[in-house]
Amino acid sequence: MATPFIAGVAVAATALAGRYGIQAWQAFKARPPRPKIKKFYDGGFQPTMTKREAALILGIRENVAAEKVKEAHRKVMVANHPDAGGSHFLASKINEAKDVMLGKTKNSGSAF
């Protein structure tokens with residue numbers, strides 16, 4: 001008498017677990033895809049560089065210590081140095097961004 005009851009409970013539990021699994025899988029498939037890469041700034045350079053733009057170029061916040069600015073400048077410059085196949089234009093913008101963040105700007109803008 002107890003064996004058919006236990007078998008029925010097992011079948012019901014399996015059916016409920018299957019239904020829950022199917023619902024979870026459909027919810028997983030329906031969710032929007034997340035970008036796999038970091039979203040970058042979708043704009044060009046401004047005529048005169050602002051502190052905000054300099055921070056975006058270096059990948060840091062606007063109010064950071066000089067050590068962090070120099071560290072970020074070094075990382076970005078290693079990846080974009082003209083001797084390693086990088087662009088002279090980007091290298092000049094990276095250097096200008098460092099100067100703006102450190103307060104050494106002459107308001108002359110880029111050489112390009």
# chains A, B, ... in the order shown; residues from 1 in each chain; ligands from 1
$ residues_around --residues "Met101 of chain A" --least-positions-apart "4" --cutoff "10 Å" --atoms "only C-alpha atoms" --output "VMD selection string"
chain A and resid 50 to 55 58 60 to 66 69 to 70 95 to 97 105
$ atom_distance --atom1 "atom CA of Lys93 of chain A" --atom2 "atom CA of Glu67 of chain A"
19.1 Å
$ atom_distance --atom1 "atom CA of Ser87 of chain A" --atom2 "atom CA of Phe45 of chain A"
14.8 Å
$ atom_distance --atom1 "atom CA of Ala84 of chain A" --atom2 "atom CA of Asp99 of chain A"
22.0 Å
$ residues_around --residues "Ser92 of chain A" --least-positions-apart "4" --cutoff "12 Å" --atoms "only C-alpha atoms" --output "ChimeraX atom specification"
/A:45,49,54,57,73,76-77,80-82,86-88,96-99,109-112
$ write_last_selection --atoms "N, CA, C and O atoms" --output "CSV table (one decimal), in the first residue's frame"
chain,number,residue,atom,x,y,z
A,45,PHE,N,37.8,63.7,-30.0
A,45,PHE,CA,38.5,64.6,-29.0
A,45,PHE,C,37.9,66.0,-29.2
A,45,PHE,O,37.6,66.5,-30.2
A,49,MET,N,41.5,70.1,-24.4
A,49,MET,CA,41.2,69.0,-23.5
A,49,MET,C,40.8,69.5,-22.2
A,49,MET,O,41.4,70.3,-21.6
A,54,ALA,N,40.5,64.1,-20.2
A,54,ALA,CA,41.8,63.5,-19.8
A,54,ALA,C,41.6,62.3,-19.0
A,54,ALA,O,42.3,61.3,-19.1
A,57,ILE,N,40.5,59.4,-21.1
A,57,ILE,CA,41.6,58.8,-22.0
A,57,ILE,C,42.5,57.9,-21.1
A,57,ILE,O,42.8,56.8,-21.5
A,73,HIS,N,49.0,56.6,-16.9
A,73,HIS,CA,49.7,57.1,-18.2
A,73,HIS,C,50.6,56.1,-18.7
A,73,HIS,O,50.7,55.8,-19.9
A,76,VAL,N,48.7,53.1,-20.3
A,76,VAL,CA,48.1,53.4,-21.6
A,76,VAL,C,49.2,53.7,-22.6
A,76,VAL,O,49.0,53.3,-23.8
A,77,MET,N,50.3,54.3,-22.2
A,77,MET,CA,51.3,54.6,-23.2
A,77,MET,C,52.1,53.4,-23.6
A,77,MET,O,52.5,53.3,-24.8
A,80,ASN,N,50.1,52.0,-26.4
A,80,ASN,CA,49.9,52.9,-27.6
A,80,ASN,C,51.2,53.6,-28.0
A,80,ASN,O,51.1,54.6,-28.8
A,81,HIS,N,52.4,53.2,-27.6
A,81,HIS,CA,53.6,54.0,-27.9
A,81,HIS,C,53.9,53.8,-29.4
A,81,HIS,O,53.8,52.7,-30.0
A,82,PRO,N,54.3,54.9,-30.1
A,82,PRO,CA,54.6,54.9,-31.5
A,82,PRO,C,55.8,53.9,-31.9
A,82,PRO,O,55.8,53.3,-32.9
A,86,GLY,N,52.2,52.0,-32.2
A,86,GLY,CA,51.0,52.9,-31.9
A,86,GLY,C,51.0,54.1,-32.7
A,86,GLY,O,51.9,54.4,-33.5
A,87,SER,N,50.0,54.9,-32.5
A,87,SER,CA,49.8,56.1,-33.3
A,87,SER,C,50.5,57.3,-32.6
A,87,SER,O,50.4,57.5,-31.4
A,88,HIS,N,51.1,58.2,-33.4
A,88,HIS,CA,51.7,59.4,-32.9
A,88,HIS,C,50.6,60.3,-32.3
A,88,HIS,O,50.8,61.0,-31.3
A,96,GLU,N,49.1,64.6,-23.5
A,96,GLU,CA,48.3,65.9,-23.1
A,96,GLU,C,47.4,65.6,-22.0
A,96,GLU,O,47.2,66.4,-21.1
A,97,ALA,N,46.8,64.4,-22.0
A,97,ALA,CA,45.9,64.0,-20.9
A,97,ALA,C,46.6,64.0,-19.5
A,97,ALA,O,46.1,64.4,-18.5
A,98,LYS,N,47.8,63.4,-19.6
A,98,LYS,CA,48.6,63.4,-18.3
A,98,LYS,C,48.9,64.8,-17.9
A,98,LYS,O,48.8,65.1,-16.7
A,99,ASP,N,49.3,65.7,-18.8
A,99,ASP,CA,49.6,67.0,-18.4
A,99,ASP,C,48.4,67.8,-17.8
A,99,ASP,O,48.5,68.5,-16.9
A,109,GLY,N,46.9,72.9,-26.5
A,109,GLY,CA,46.2,71.8,-27.2
A,109,GLY,C,47.2,70.8,-27.8
A,109,GLY,O,48.4,70.9,-27.5
A,110,SER,N,46.8,69.9,-28.6
A,110,SER,CA,47.6,68.9,-29.2
A,110,SER,C,48.4,69.5,-30.3
A,110,SER,O,48.1,70.5,-30.9
A,111,ALA,N,49.5,68.8,-30.6
A,111,ALA,CA,50.4,69.1,-31.7
A,111,ALA,C,49.7,68.8,-33.1
A,111,ALA,O,50.1,69.3,-34.1
A,112,PHE,N,48.6,68.0,-33.0
A,112,PHE,CA,47.9,67.6,-34.2
A,112,PHE,C,46.7,68.4,-34.4
A,112,PHE,O,45.8,68.6,-33.7
$ select_by_dssp --residues "segment 37-83 of chain A" --states "alpha helix (DSSP H)" --output "ChimeraX atom specification"
/A:51-58,66-80
$ write_last_selection --atoms "C-alpha atoms" --output "tab-separated table (two decimals), in the first residue's frame"
chain	number	residue	atom	x	y	z
A	51	LYS	CA	39.92	67.30	-17.13
A	52	ARG	CA	36.97	65.00	-17.80
A	53	GLU	CA	38.25	64.06	-21.23
A	54	ALA	CA	41.76	63.51	-19.84
A	55	ALA	CA	40.36	61.19	-17.18
A	56	LEU	CA	38.44	59.24	-19.84
A	57	ILE	CA	41.58	58.84	-21.95
A	58	LEU	CA	43.63	57.58	-19.02
A	66	ALA	CA	49.47	62.21	-9.07
A	67	GLU	CA	50.90	58.72	-8.55
A	68	LYS	CA	47.74	57.13	-9.97
A	69	VAL	CA	47.83	59.51	-12.96
A	70	LYS	CA	51.44	58.56	-13.71
A	71	GLU	CA	50.68	54.85	-13.32
A	72	ALA	CA	47.64	55.07	-15.63
A	73	HIS	CA	49.65	57.11	-18.15
A	74	ARG	CA	52.37	54.48	-18.20
A	75	LYS	CA	49.89	51.63	-18.76
A	76	VAL	CA	48.09	53.40	-21.60
A	77	MET	CA	51.33	54.61	-23.17
A	78	VAL	CA	52.89	51.14	-23.17
A	79	ALA	CA	49.93	49.92	-25.21
A	80	ASN	CA	49.94	52.90	-27.62
